$ cat my_file25.txt   # compact mmCIF, C-alpha atoms and all ligand atoms
# COMPACT_ATOMS: atom_id res chain seq x y z
CA MET A 28 42.23 -18.23 8.11
CA SER A 29 39.07 -16.28 8.78
CA PRO A 30 39.34 -13.41 11.24
CA GLU A 31 38.17 -13.98 14.80
CA PRO A 32 34.72 -12.46 15.30
CA PRO A 33 34.76 -9.42 17.60
CA VAL A 34 33.36 -10.13 21.04
CA THR A 35 31.28 -7.19 22.18
CA GLY A 36 28.57 -8.85 24.24
CA LEU A 37 26.01 -7.78 21.68
CA LEU A 38 24.67 -11.30 21.22
CA ASP A 39 24.18 -11.57 24.98
CA ARG A 40 22.25 -8.34 25.03
CA TYR A 41 20.02 -9.61 22.23
CA ALA A 42 19.59 -12.91 24.08
CA GLU A 43 18.28 -10.99 27.08
CA GLN A 44 15.55 -9.39 24.98
CA ALA A 45 14.84 -11.89 22.22
CA GLY A 46 15.53 -15.13 24.12
CA LEU A 47 18.45 -17.55 23.99
CA ASP A 48 16.73 -19.72 21.38
CA ALA A 49 16.72 -16.83 18.89
CA ILE A 50 20.48 -16.37 19.32
CA GLU A 51 21.19 -20.09 19.14
CA GLN A 52 19.39 -20.28 15.78
CA LEU A 53 21.56 -17.43 14.49
CA ARG A 54 24.75 -19.13 15.67
CA GLN A 55 23.74 -22.38 14.01
CA LEU A 56 23.22 -20.78 10.62
CA ALA A 57 26.23 -18.49 10.93
CA ARG A 58 28.50 -21.51 11.39
CA LEU A 59 27.89 -22.32 7.72
CA LEU A 60 28.93 -18.83 6.72
CA THR A 61 31.88 -18.07 9.00
CA GLY A 62 34.43 -15.72 7.50
CA LEU A 63 32.41 -14.89 4.39
CA LYS A 64 32.73 -11.35 3.13
CA VAL A 65 29.32 -9.71 3.14
CA VAL A 66 28.68 -6.17 1.97
CA HIS A 67 25.48 -4.13 2.45
CA VAL A 68 25.05 -1.11 0.18
CA ASN A 69 22.46 1.63 0.57
CA SER A 70 22.31 5.37 0.05
CA THR A 71 22.37 6.86 3.55
CA ARG A 72 24.01 6.10 6.86
CA THR A 73 21.39 7.88 8.96
CA GLY A 74 17.67 8.55 8.71
CA GLY A 75 15.03 6.17 7.49
CA GLY A 76 14.18 2.58 8.21
CA VAL A 77 16.90 0.96 6.09
CA ALA A 78 19.76 2.79 7.82
CA GLU A 79 18.19 1.97 11.16
CA ILE A 80 18.09 -1.74 10.39
CA LEU A 81 21.65 -1.81 9.04
CA ASP A 82 22.94 0.12 12.00
CA ALA A 83 21.78 -2.69 14.25
CA MET A 84 22.27 -5.62 11.92
CA VAL A 85 25.82 -5.08 10.67
CA PRO A 86 27.48 -5.31 14.13
CA LEU A 87 25.37 -8.36 14.87
CA MET A 88 26.55 -10.08 11.69
CA GLN A 89 30.13 -9.20 12.56
CA GLU A 90 29.79 -10.70 15.99
CA LEU A 91 28.39 -13.86 14.43
CA GLY A 92 31.65 -14.26 12.52
CA LEU A 93 30.72 -12.88 9.11
CA ASP A 94 33.18 -10.39 7.68
CA THR A 95 30.49 -7.75 7.15
CA SER A 96 30.80 -4.17 5.94
CA TRP A 97 28.34 -1.42 5.08
CA GLU A 98 28.99 0.88 2.12
CA VAL A 99 27.02 4.00 1.31
CA ILE A 100 26.85 5.46 -2.17
CA GLU A 101 27.59 9.16 -2.45
CA GLY A 102 25.19 11.17 -4.58
CA ASN A 103 24.55 14.74 -5.70
CA GLU A 104 21.32 16.73 -5.58
CA ASP A 105 20.07 15.50 -8.96
CA PHE A 106 20.71 11.93 -7.91
CA PHE A 107 18.63 12.26 -4.76
CA THR A 108 15.87 14.16 -6.56
CA CYS A 109 15.75 11.31 -9.02
CA THR A 110 15.68 8.55 -6.40
CA LYS A 111 13.05 10.40 -4.34
CA SER A 112 10.91 10.46 -7.50
CA PHE A 113 11.57 6.74 -7.98
CA HIS A 114 10.34 6.17 -4.47
CA ASN A 115 7.10 8.04 -5.08
CA ALA A 116 6.53 6.62 -8.57
CA LEU A 117 7.27 3.05 -7.51
CA GLN A 118 4.72 3.43 -4.72
CA GLY A 119 2.07 4.48 -7.20
CA LYS A 120 2.37 8.17 -8.13
CA SER A 121 2.15 8.92 -11.88
CA LEU A 122 5.26 10.91 -12.35
CA ASP A 123 7.66 11.08 -15.26
CA ILE A 124 11.31 11.64 -14.50
CA PRO A 125 13.32 13.96 -16.79
CA PRO A 126 16.18 12.28 -18.70
CA ARG A 127 18.66 14.67 -17.03
CA LEU A 128 17.87 13.16 -13.64
CA LEU A 129 18.04 9.60 -14.95
CA ARG A 130 21.49 10.42 -16.31
CA ALA A 131 22.53 11.68 -12.88
CA TYR A 132 21.29 8.40 -11.38
CA GLU A 133 23.36 6.33 -13.78
CA ASP A 134 26.45 8.59 -13.55
CA VAL A 135 26.46 8.59 -9.77
CA ASN A 136 26.27 4.81 -9.75
CA ALA A 137 29.12 4.58 -12.28
CA MET A 138 31.26 6.90 -10.13
CA ASN A 139 30.53 5.00 -6.95
CA ALA A 140 31.36 1.74 -8.70
CA GLU A 141 34.88 3.07 -9.41
CA ARG A 142 35.38 3.54 -5.68
CA LEU A 143 33.60 0.41 -4.46
CA ARG A 144 34.48 -2.10 -7.19
CA PRO A 145 37.34 -3.85 -5.33
CA VAL A 146 35.17 -4.46 -2.27
CA LEU A 147 32.09 -5.46 -4.24
CA GLU A 148 33.84 -7.79 -6.67
CA GLU A 149 35.63 -9.52 -3.81
CA ALA A 150 32.51 -10.02 -1.67
CA ASP A 151 30.87 -13.41 -1.25
CA VAL A 152 27.45 -11.82 -0.77
CA VAL A 153 26.27 -8.30 -1.60
CA PHE A 154 22.96 -6.93 -0.33
CA VAL A 155 21.88 -3.94 -2.42
CA HIS A 156 19.12 -2.04 -0.65
CA ASP A 157 16.38 -0.35 -2.68
CA PRO A 158 16.68 1.24 -6.14
CA GLN A 159 19.37 3.84 -5.35
CA PRO A 160 22.44 1.59 -5.75
CA ALA A 161 20.79 -1.04 -8.01
CA PRO A 162 22.94 -0.30 -11.13
CA LEU A 163 26.19 -1.03 -9.24
CA LEU A 164 25.97 -4.66 -10.29
CA SER A 165 26.33 -3.80 -13.98
CA HIS A 166 29.66 -2.08 -13.15
CA CYS A 167 31.16 -5.13 -11.46
CA PRO A 168 31.81 -7.62 -14.26
CA GLY A 169 34.42 -9.44 -12.18
CA ARG A 170 32.10 -10.11 -9.24
CA ARG A 171 32.53 -13.49 -7.67
CA GLY A 172 29.76 -13.51 -5.10
CA LYS A 173 26.00 -13.67 -4.96
CA TRP A 174 24.05 -10.42 -5.24
CA ILE A 175 20.69 -9.86 -3.58
CA TRP A 176 18.39 -6.93 -4.31
CA ARG A 177 16.60 -6.06 -1.06
CA CYS A 178 13.54 -3.96 -1.81
CA HIS A 179 12.02 -2.26 1.23
CA ILE A 180 9.35 -0.35 -0.64
CA ASP A 181 5.84 -1.25 -1.69
CA LEU A 182 5.90 -2.26 -5.36
CA SER A 183 2.29 -3.43 -5.45
CA HIS A 184 1.13 -0.66 -7.81
CA PRO A 185 4.18 0.96 -9.38
CA TYR A 186 3.86 3.64 -12.02
CA ARG A 187 4.73 1.38 -14.95
CA PRO A 188 7.14 3.56 -16.98
CA VAL A 189 9.38 4.14 -13.95
CA TRP A 190 9.25 0.52 -12.84
CA LYS A 191 10.17 -0.54 -16.39
CA TYR A 192 13.22 1.72 -16.23
CA VAL A 193 14.40 0.58 -12.77
CA ARG A 194 13.74 -3.07 -13.55
CA ARG A 195 16.39 -3.12 -16.23
CA PHE A 196 19.12 -3.00 -13.61
CA LEU A 197 17.85 -6.10 -11.81
CA PRO A 198 18.00 -9.25 -13.99
CA GLY A 199 21.66 -9.90 -13.10
CA TYR A 200 20.86 -10.35 -9.41
CA ASP A 201 20.73 -13.84 -7.90
CA ALA A 202 17.67 -13.12 -5.76
CA SER A 203 15.31 -10.39 -4.63
CA VAL A 204 13.76 -9.85 -1.24
CA PHE A 205 10.46 -8.07 -0.63
CA SER A 206 8.82 -7.28 2.71
CA LEU A 207 5.37 -8.66 1.98
CA ASP A 208 3.73 -10.77 -0.68
CA ALA A 209 1.56 -7.81 -1.64
CA PHE A 210 4.64 -5.60 -2.21
CA ALA A 211 6.40 -7.96 -4.63
CA GLN A 212 6.75 -8.00 -8.39
CA PRO A 213 7.63 -11.01 -10.55
CA MET A 214 11.40 -11.27 -11.10
CA PRO A 215 13.62 -13.39 -13.33
CA HIS A 216 15.24 -14.98 -10.25
CA PRO A 217 14.03 -16.36 -6.91
CA VAL A 218 11.99 -13.93 -4.84
CA TYR A 219 12.06 -14.19 -1.05
CA LEU A 220 9.54 -12.60 1.29
CA ILE A 221 10.96 -11.30 4.55
CA PRO A 222 8.70 -9.17 6.73
CA PRO A 223 10.08 -6.10 8.49
CA SER A 224 11.21 -6.19 12.09
CA ILE A 225 11.88 -4.00 15.10
CA ASP A 226 15.09 -3.78 17.07
CA PRO A 227 14.52 -4.79 20.70
CA LEU A 228 17.68 -2.90 21.73
CA SER A 229 16.66 0.44 20.23
CA GLU A 230 15.62 3.31 22.45
CA LYS A 231 12.11 2.92 21.10
CA ASN A 232 11.77 -0.65 22.28
CA LEU A 233 13.88 -1.17 25.41
CA PRO A 234 11.89 -1.31 28.64
CA LEU A 235 11.42 2.11 30.26
CA ASP A 236 11.16 2.80 33.98
CA PRO A 237 7.71 3.94 35.19
CA GLU A 238 9.08 7.28 36.37
CA THR A 239 10.24 8.26 32.86
CA VAL A 240 6.92 7.16 31.42
CA ARG A 241 4.97 9.21 33.98
CA LYS A 242 7.09 12.30 33.31
CA VAL A 243 6.58 12.13 29.55
CA LEU A 244 2.82 11.66 29.93
CA GLU A 245 2.60 14.64 32.27
CA GLU A 246 4.72 16.75 29.94
CA PHE A 247 1.95 16.34 27.37
CA GLY A 248 -0.83 16.96 29.89
CA ILE A 249 -1.94 13.31 29.97
CA ASP A 250 -3.19 12.00 33.33
CA PRO A 251 -1.19 8.82 34.11
CA HIS A 252 -3.89 7.65 36.53
CA ARG A 253 -6.73 7.52 34.01
CA PRO A 254 -7.12 5.00 31.15
CA MET A 255 -5.50 6.07 27.90
CA VAL A 256 -5.94 4.88 24.33
CA LEU A 257 -3.14 5.75 21.89
CA GLN A 258 -2.60 5.87 18.17
CA VAL A 259 0.89 6.73 16.91
CA SER A 260 1.04 7.54 13.22
CA ARG A 261 1.54 10.16 10.57
CA PHE A 262 -1.54 12.35 10.10
CA ASP A 263 -2.69 10.65 6.96
CA ARG A 264 -6.25 9.78 5.93
CA PHE A 265 -5.30 6.13 5.47
CA LYS A 266 -4.46 5.99 9.18
CA ASP A 267 -8.07 7.09 9.86
CA PRO A 268 -7.50 9.48 12.80
CA LEU A 269 -11.11 10.71 12.56
CA GLY A 270 -12.34 7.13 12.85
CA VAL A 271 -10.18 6.82 15.97
CA ILE A 272 -11.83 9.87 17.52
CA GLN A 273 -15.25 8.47 16.68
CA ALA A 274 -14.35 5.13 18.31
CA TYR A 275 -13.04 6.90 21.40
CA ARG A 276 -16.25 8.96 21.73
CA LEU A 277 -18.44 5.86 21.49
CA ALA A 278 -16.33 4.05 24.09
CA LYS A 279 -16.15 7.02 26.43
CA ASP A 280 -19.89 6.85 27.12
CA PHE A 281 -19.15 3.59 28.93
CA VAL A 282 -15.68 4.37 30.28
CA PRO A 283 -15.73 7.73 32.00
CA GLY A 284 -12.34 9.39 32.32
CA LEU A 285 -11.02 7.76 29.15
CA GLN A 286 -8.30 9.76 27.37
CA LEU A 287 -7.20 9.59 23.75
CA VAL A 288 -3.73 10.45 22.44
CA LEU A 289 -3.03 10.86 18.72
CA ALA A 290 0.70 11.29 18.21
CA GLY A 291 2.90 11.76 15.15
CA GLY A 292 3.73 14.54 12.74
CA SER A 293 2.92 14.77 9.07
CA ALA A 294 5.74 14.15 6.60
CA VAL A 295 7.51 17.37 5.53
CA ASP A 296 6.73 16.68 1.89
CA ASP A 297 3.05 16.01 2.56
CA PRO A 298 0.79 19.12 2.30
CA GLU A 299 -2.23 16.83 2.63
CA GLY A 300 -0.99 15.99 6.14
CA GLU A 301 -1.51 19.58 7.29
CA MET A 302 -5.15 19.39 6.26
CA VAL A 303 -5.62 16.15 8.13
CA VAL A 304 -4.15 17.70 11.31
CA GLU A 305 -6.56 20.61 10.91
CA ASP A 306 -9.57 18.26 10.60
CA VAL A 307 -8.41 16.26 13.59
CA ARG A 308 -7.97 19.40 15.70
CA ASN A 309 -11.48 20.52 14.79
CA ALA A 310 -12.95 17.14 15.63
CA ALA A 311 -11.14 17.15 18.99
CA ARG A 312 -11.83 20.76 19.92
CA ASP A 313 -14.60 20.25 22.47
CA ASP A 314 -12.89 17.48 24.45
CA PRO A 315 -9.86 18.27 26.66
CA ASP A 316 -9.22 14.53 27.04
CA ILE A 317 -8.24 14.22 23.39
CA HIS A 318 -4.54 15.05 23.04
CA VAL A 319 -3.40 15.78 19.50
CA LEU A 320 0.40 15.70 19.43
CA SER A 321 1.23 16.83 15.94
CA SER A 322 4.35 18.95 16.19
CA GLY A 323 6.69 16.90 14.04
CA HIS A 324 8.27 13.52 14.34
CA TYR A 325 8.56 12.48 17.99
CA SER A 326 11.73 10.91 19.32
CA ASP A 327 12.14 7.22 20.06
CA ARG A 328 12.10 7.95 23.80
CA ILE A 329 8.78 9.79 23.60
CA ILE A 330 7.13 7.19 21.39
CA ASN A 331 8.36 4.48 23.73
CA ALA A 332 6.95 6.30 26.77
CA LEU A 333 3.56 6.87 25.12
CA GLN A 334 3.32 3.25 24.00
CA THR A 335 4.41 1.99 27.42
CA GLY A 336 1.99 4.30 29.21
CA ALA A 337 -1.03 3.42 27.06
CA ASP A 338 -3.67 0.96 28.22
CA ILE A 339 -4.71 0.13 24.67
CA VAL A 340 -3.10 0.93 21.33
CA LEU A 341 -5.11 1.54 18.20
CA GLN A 342 -3.91 1.42 14.61
CA LYS A 343 -7.18 1.86 12.82
CA SER A 344 -5.67 2.12 9.35
CA LEU A 345 -7.84 1.82 6.28
CA ARG A 346 -4.76 0.90 4.25
CA GLU A 347 -1.40 -0.08 5.66
CA GLY A 348 1.99 -1.40 4.60
CA PHE A 349 3.24 -3.48 7.47
CA GLY A 350 2.35 -1.30 10.45
CA LEU A 351 5.45 -1.07 12.62
CA THR A 352 3.55 0.83 15.31
CA VAL A 353 1.48 -2.32 15.84
CA THR A 354 4.63 -4.40 16.31
CA GLU A 355 6.15 -1.85 18.69
CA ALA A 356 3.04 -1.78 20.88
CA MET A 357 2.66 -5.57 20.89
CA TRP A 358 6.29 -5.92 21.93
CA LYS A 359 5.44 -3.78 24.96
CA GLY A 360 2.69 -6.22 25.84
CA LYS A 361 -0.11 -3.87 24.84
CA PRO A 362 -3.46 -5.05 23.53
CA VAL A 363 -3.78 -3.63 20.02
CA ILE A 364 -6.91 -2.94 18.01
CA GLY A 365 -6.01 -2.58 14.36
CA GLY A 366 -7.64 -1.99 10.99
CA ASN A 367 -8.29 -5.17 9.05
CA THR A 368 -5.75 -4.44 6.31
CA GLY A 369 -2.19 -5.02 5.05
CA GLY A 370 0.49 -6.24 7.43
CA ILE A 371 -1.71 -5.57 10.47
CA ARG A 372 -3.40 -8.84 9.56
CA LEU A 373 -0.14 -10.72 9.95
CA GLN A 374 0.19 -9.46 13.50
CA LEU A 375 -3.25 -9.38 15.07
CA VAL A 376 -5.03 -12.68 15.47
CA ASN A 377 -8.55 -11.98 16.76
CA HIS A 378 -8.99 -12.89 20.42
CA ARG A 379 -5.40 -14.16 20.67
CA THR A 380 -2.92 -11.38 19.94
CA GLY A 381 -5.32 -8.45 19.48
CA PHE A 382 -8.37 -7.46 17.48
CA LEU A 383 -8.95 -6.57 13.84
CA VAL A 384 -11.76 -4.12 13.19
CA ASP A 385 -13.46 -2.65 10.14
CA THR A 386 -15.40 0.24 11.67
CA PRO A 387 -15.20 2.83 14.47
CA GLU A 388 -18.09 1.00 16.15
CA GLY A 389 -16.07 -2.21 16.10
CA ALA A 390 -13.08 -0.44 17.60
CA ALA A 391 -15.25 1.13 20.32
CA MET A 392 -16.68 -2.26 21.23
CA ARG A 393 -13.18 -3.72 21.60
CA ILE A 394 -11.98 -0.77 23.71
CA ARG A 395 -14.89 -1.38 26.07
CA TYR A 396 -14.20 -5.10 26.12
CA PHE A 397 -10.55 -4.63 27.05
CA LEU A 398 -11.20 -2.06 29.73
CA THR A 399 -13.86 -4.17 31.42
CA GLU A 400 -12.06 -7.53 31.03
CA ARG A 401 -8.67 -6.54 32.37
CA HIS A 402 -7.44 -10.13 32.76
CA ARG A 403 -8.12 -10.81 29.04
CA MET A 404 -6.30 -7.62 28.20
CA ALA A 405 -3.23 -8.83 30.08
CA GLN A 406 -3.38 -12.28 28.47
CA ILE A 407 -3.71 -10.88 24.97
CA GLY A 408 -0.85 -8.47 25.67
CA GLN A 409 1.35 -11.38 26.68
CA ASN A 410 0.43 -13.36 23.56
CA ALA A 411 1.14 -10.27 21.48
CA ARG A 412 4.64 -9.93 22.90
CA GLU A 413 5.38 -13.59 22.24
CA LEU A 414 4.14 -13.34 18.65
CA VAL A 415 6.53 -10.44 18.06
CA ARG A 416 9.39 -12.21 19.81
CA GLN A 417 9.05 -15.17 17.49
CA ASN A 418 8.28 -13.38 14.25
CA PHE A 419 9.05 -9.69 14.09
CA LEU A 420 12.32 -8.96 15.88
CA LEU A 421 15.57 -8.07 14.17
CA THR A 422 16.96 -11.47 15.16
CA ARG A 423 14.34 -13.21 13.01
CA HIS A 424 15.02 -10.78 10.16
CA LEU A 425 18.71 -11.64 10.32
CA ARG A 426 17.98 -15.35 10.62
CA GLU A 427 16.17 -15.16 7.29
CA TYR A 428 19.02 -13.23 5.64
CA LEU A 429 21.40 -15.93 6.83
CA THR A 430 19.06 -18.61 5.49
CA ILE A 431 19.03 -17.03 2.03
CA MET A 432 22.81 -16.75 2.13
CA VAL A 433 23.10 -20.44 3.00
CA ALA A 434 20.74 -21.29 0.15
CA LEU A 435 22.68 -19.19 -2.36
CA ILE A 436 26.17 -20.18 -1.24
CA HIS A 437 25.56 -23.87 -0.58
CA GLY A 438 22.75 -24.34 -3.10
CA ASN A 439 24.75 -26.64 -5.36
CA GLU A 440 25.86 -29.03 -2.67
CA ASP A 441 24.24 -32.45 -2.32
CA ARG A 442 23.57 -32.01 1.36
CA ILE A 443 23.61 -29.02 3.66
CA GLU A 444 23.81 -29.81 7.34
CA LEU A 445 21.89 -27.12 9.13
CA GLY A 446 21.87 -28.42 12.70
N1 LIG L 1 7.12 7.30 14.48
C1 LIG L 1 8.01 8.04 15.25
N2 LIG L 1 7.64 9.29 15.63
C2 LIG L 1 6.45 9.83 15.27
C3 LIG L 1 5.55 9.07 14.51
C4 LIG L 1 5.90 7.80 14.11
O1 LIG L 1 9.10 7.57 15.57
O2 LIG L 1 6.19 10.99 15.65
C5 LIG L 1 7.53 5.95 14.05
C6 LIG L 1 6.69 4.82 14.60
O3 LIG L 1 7.09 4.51 15.93
C7 LIG L 1 6.99 3.73 13.59
C8 LIG L 1 7.17 4.50 12.28
O4 LIG L 1 7.40 5.86 12.65
O5 LIG L 1 8.21 3.08 13.90
C9 LIG L 1 5.94 4.43 11.38
O6 LIG L 1 5.92 3.19 10.76
P1 LIG L 1 4.58 2.46 10.33
O7 LIG L 1 4.96 1.20 9.63
O8 LIG L 1 3.65 2.28 11.51
O9 LIG L 1 3.82 3.49 9.36
P2 LIG L 1 4.30 4.33 8.05
O10 LIG L 1 4.48 5.74 8.52
O11 LIG L 1 5.56 3.69 7.52
O12 LIG L 1 3.11 4.21 7.12
$ encode --input "my_file25.txt" --output "structure tokens" --more "lines below"
Ligand code: UDP
Amino acid sequence: MSPEPPVTGLLDRYAEQAGLDAIEQLRQLARLLTGLKVVHVNSTRTGGGVAEILDAMVPLMQELGLDTSWEVIEGNEDFFTCTKSFHNALQGKSLDIPPRLLRAYEDVNAMNAERLRPVLEEADVVFVHDPQPAPLLSHCPGRRGKWIWRCHIDLSHPYRPVWKYVRRFLPGYDASVFSLDAFAQPMPHPVYLIPPSIDPLSEKNLPLDPETVRKVLEEFGIDPHRPMVLQVSRFDRFKDPLGVIQAYRLAKDFVPGLQLVLAGGSAVDDPEGEMVVEDVRNAARDDPDIHVLSSGHYSDRIINALQTGADIVLQKSLREGFGLTVTEAMWKGKPVIGGNTGGIRLQLVNHRTGFLVDTPEGAAMRIRYFLTERHRMAQIGQNARELVRQNFLLTRHLREYLTIMVALIHGNEDRIELG
């Protein structure tokens, strides 16, 4: 007998945000998987996108009737130094990793396997997230389930020697999942592409009352009664903050009173970020309507308030992974003007769900267009929200995980009844 799924009302809360249809699709697929033991493994319970997704997704899977657990591997300093280097090298940095650290990586995985083996070998499906726990599979010879390597990082241009090393832990997996076509590498098993998602129930994405929004804007000296253009992102040259300032200046000639907010800290391990902030501050110096908010990583509540309070959101990246800030703003019904690159292209459809631009001049033209054609701005904002509802919410992300599980578990059957 499979255990009764816990009833917490979580599915109802998701239905309120994502729509009943999204929940019905999940229920339909989950019926084929009821009672299966599913284990997610990653390397941290808090901090970072993966932990955030699992935090929301694991309870949802439980409520759908899957016997789901989340295990975290325990590492030492050498282990985390090694995996941080993997992260940088796999995303393109030429960086050789000393054998001592590679040994720590393998030893930590072997030690964690001792502790986790009973759970992992028993599981029907194991999702191993990112390179940190990848070697666990080789320590579970008695595994009976399907193992999926879920890669959240951009493997488009890995530093070859490090990728060659990490890759050796992967052939035993039954499938891999990458976030975007551009991020993927060829694998000796099926590769699935599942784009990232946002959680509509997180503090960053739940609707905020106008009073809270007004207070946050005023806290930062932003006038809630004048039009405001926002870009939220790390201070990184690829996010083109100077291009944003240029676009704002060009637009301001036609839209008096326009304000610009650039919000987001630089990563702690990014000295280049400090220089970018400095350049941005210099470029903004003569204009009190440019607000540079650069003191660290702002909380979900603040980001939510800024995005909700903005008239237009820019993400004028010159290079981008997926661009979650675009998704977050679209979900709030904002018209977004984004750089014509990476995952921004999957989200912004010119004239329908936003605008793609290649230059500051292009961005300025679209800012003017939106602020003079307010009805179009509202229509595009609505389309944007619907595009996110259908494609980039956590519920869709989970639906695709369930679909892969159905394919792997029922793949050998003559017929699989989905409906
Ligand atoms: N973010 C945040 N506080 C900040 C700056 C950014 O919470 O001060 C969030 C932002 O809301 C988004 C994420 O960090 O969810 C950035 O993701 P994105 O894909 O846009 O860019 P990345 O930084 O991964 O290149």
$ residues_near_ligand --input "my_file25.txt" --ligand "ligand LIG 1 (chain L)" --cutoff "8 Å" --atoms "all atoms listed in the file" --output "VMD selection string"
chain A and resid 231 259 to 261 290 to 292 321 323 to 327 330 to 331 347 to 353 355
$ closest_residue --input "my_file25.txt" --among "A:Ala83, A:Ala116, A:Ala140, A:Ile436" --to "Lys64 of chain A" --atoms "only C-alpha atoms"
A:Ile436
$ closest_residue --input "my_file25.txt" --among "A:Ala78, A:Leu93, A:Leu207, A:Ala356" --to "Leu257 of chain A" --atoms "only C-alpha atoms"
A:Ala356
$ residues_around --input "my_file25.txt" --residues "Gly46 of chain A" --least-positions-apart "3" --cutoff "12 Å" --atoms "all atoms listed in the file" --output "list in words"
Leu38, Asp39, Arg40, Tyr41, Ala42, Glu43, Ala49, Ile50, Glu51, Gln52, Leu53, Pro227, Glu413, Val415, Arg416, Gln417, Leu420, Thr422 and Arg423 of chain A
$ residues_near_point --input "my_file25.txt" --point "(22.7, 1.1, 12.7)" --cutoff "12 Å" --atoms "only C-alpha atoms" --output "PDB file with C-alpha atoms, in the coordinates of the input"
ATOM      1  CA  HIS A  67      25.480  -4.130   2.450  1.00  0.00           C
ATOM      2  CA  THR A  71      22.370   6.860   3.550  1.00  0.00           C
ATOM      3  CA  ARG A  72      24.010   6.100   6.860  1.00  0.00           C
ATOM      4  CA  THR A  73      21.390   7.880   8.960  1.00  0.00           C
ATOM      5  CA  GLY A  74      17.670   8.550   8.710  1.00  0.00           C
ATOM      6  CA  GLY A  75      15.030   6.170   7.490  1.00  0.00           C
ATOM      7  CA  GLY A  76      14.180   2.580   8.210  1.00  0.00           C
ATOM      8  CA  VAL A  77      16.900   0.960   6.090  1.00  0.00           C
ATOM      9  CA  ALA A  78      19.760   2.790   7.820  1.00  0.00           C
ATOM     10  CA  GLU A  79      18.190   1.970  11.160  1.00  0.00           C
ATOM     11  CA  ILE A  80      18.090  -1.740  10.390  1.00  0.00           C
ATOM     12  CA  LEU A  81      21.650  -1.810   9.040  1.00  0.00           C
ATOM     13  CA  ASP A  82      22.940   0.120  12.000  1.00  0.00           C
ATOM     14  CA  ALA A  83      21.780  -2.690  14.250  1.00  0.00           C
ATOM     15  CA  MET A  84      22.270  -5.620  11.920  1.00  0.00           C
ATOM     16  CA  VAL A  85      25.820  -5.080  10.670  1.00  0.00           C
ATOM     17  CA  PRO A  86      27.480  -5.310  14.130  1.00  0.00           C
ATOM     18  CA  LEU A  87      25.370  -8.360  14.870  1.00  0.00           C
ATOM     19  CA  MET A  88      26.550 -10.080  11.690  1.00  0.00           C
ATOM     20  CA  SER A  96      30.800  -4.170   5.940  1.00  0.00           C
ATOM     21  CA  TRP A  97      28.340  -1.420   5.080  1.00  0.00           C
ATOM     22  CA  ASP A 226      15.090  -3.780  17.070  1.00  0.00           C
ATOM     23  CA  LEU A 228      17.680  -2.900  21.730  1.00  0.00           C
ATOM     24  CA  SER A 229      16.660   0.440  20.230  1.00  0.00           C
ATOM     25  CA  LEU A 421      15.570  -8.070  14.170  1.00  0.00           C
TER      26      LEU A 421
END
$ residues_around --input "my_file25.txt" --residues "Val152 of chain A" --least-positions-apart "3" --cutoff "7 Å" --atoms "all atoms listed in the file" --output "PyMOL selection string"
chain A and resi 64-66+172-174
$ residues_around --input "my_file25.txt" --residues "Leu117 of chain A" --least-positions-apart "4" --cutoff "12 Å" --atoms "all atoms listed in the file" --output "VMD selection string"
chain A and resid 109 to 113 121 to 124 157 to 158 178 to 194 210 to 212
$ decode --input "my_file25.txt" --residues "segment 301-308 of chain A" --atoms "N, CA, C and O atoms" --output "mmCIF file, in the first residue's frame"
data_model
loop_
_atom_site.group_PDB
_atom_site.id
_atom_site.type_symbol
_atom_site.label_atom_id
_atom_site.label_comp_id
_atom_site.auth_asym_id
_atom_site.auth_seq_id
_atom_site.Cartn_x
_atom_site.Cartn_y
_atom_site.Cartn_z
ATOM 1 N N GLU A 301 32.935 45.398 -8.652
ATOM 2 C CA GLU A 301 33.193 46.671 -7.965
ATOM 3 C C GLU A 301 33.518 47.765 -8.967
ATOM 4 O O GLU A 301 33.087 48.910 -8.839
ATOM 5 N N MET A 302 34.298 47.394 -9.983
ATOM 6 C CA MET A 302 34.673 48.372 -11.011
ATOM 7 C C MET A 302 33.454 48.793 -11.820
ATOM 8 O O MET A 302 33.305 49.963 -12.194
ATOM 9 N N VAL A 303 32.580 47.851 -12.073
ATOM 10 C CA VAL A 303 31.379 48.185 -12.848
ATOM 11 C C VAL A 303 30.511 49.162 -12.049
ATOM 12 O O VAL A 303 30.023 50.159 -12.587
ATOM 13 N N VAL A 304 30.371 48.904 -10.733
ATOM 14 C CA VAL A 304 29.567 49.801 -9.890
ATOM 15 C C VAL A 304 30.155 51.216 -9.949
ATOM 16 O O VAL A 304 29.434 52.207 -10.098
ATOM 17 N N GLU A 305 31.472 51.284 -9.867
ATOM 18 C CA GLU A 305 32.165 52.576 -9.910
ATOM 19 C C GLU A 305 31.843 53.319 -11.219
ATOM 20 O O GLU A 305 31.484 54.497 -11.206
ATOM 21 N N ASP A 306 31.949 52.611 -12.333
ATOM 22 C CA ASP A 306 31.647 53.226 -13.644
ATOM 23 C C ASP A 306 30.195 53.691 -13.706
ATOM 24 O O ASP A 306 29.894 54.761 -14.240
ATOM 25 N N VAL A 307 29.310 52.867 -13.157
ATOM 26 C CA VAL A 307 27.888 53.212 -13.198
ATOM 27 C C VAL A 307 27.646 54.458 -12.352
ATOM 28 O O VAL A 307 26.941 55.383 -12.774
ATOM 29 N N ARG A 308 28.261 54.496 -11.169
ATOM 30 C CA ARG A 308 28.085 55.667 -10.295
ATOM 31 C C ARG A 308 28.568 56.942 -10.992
ATOM 32 O O ARG A 308 27.928 57.975 -10.935
#
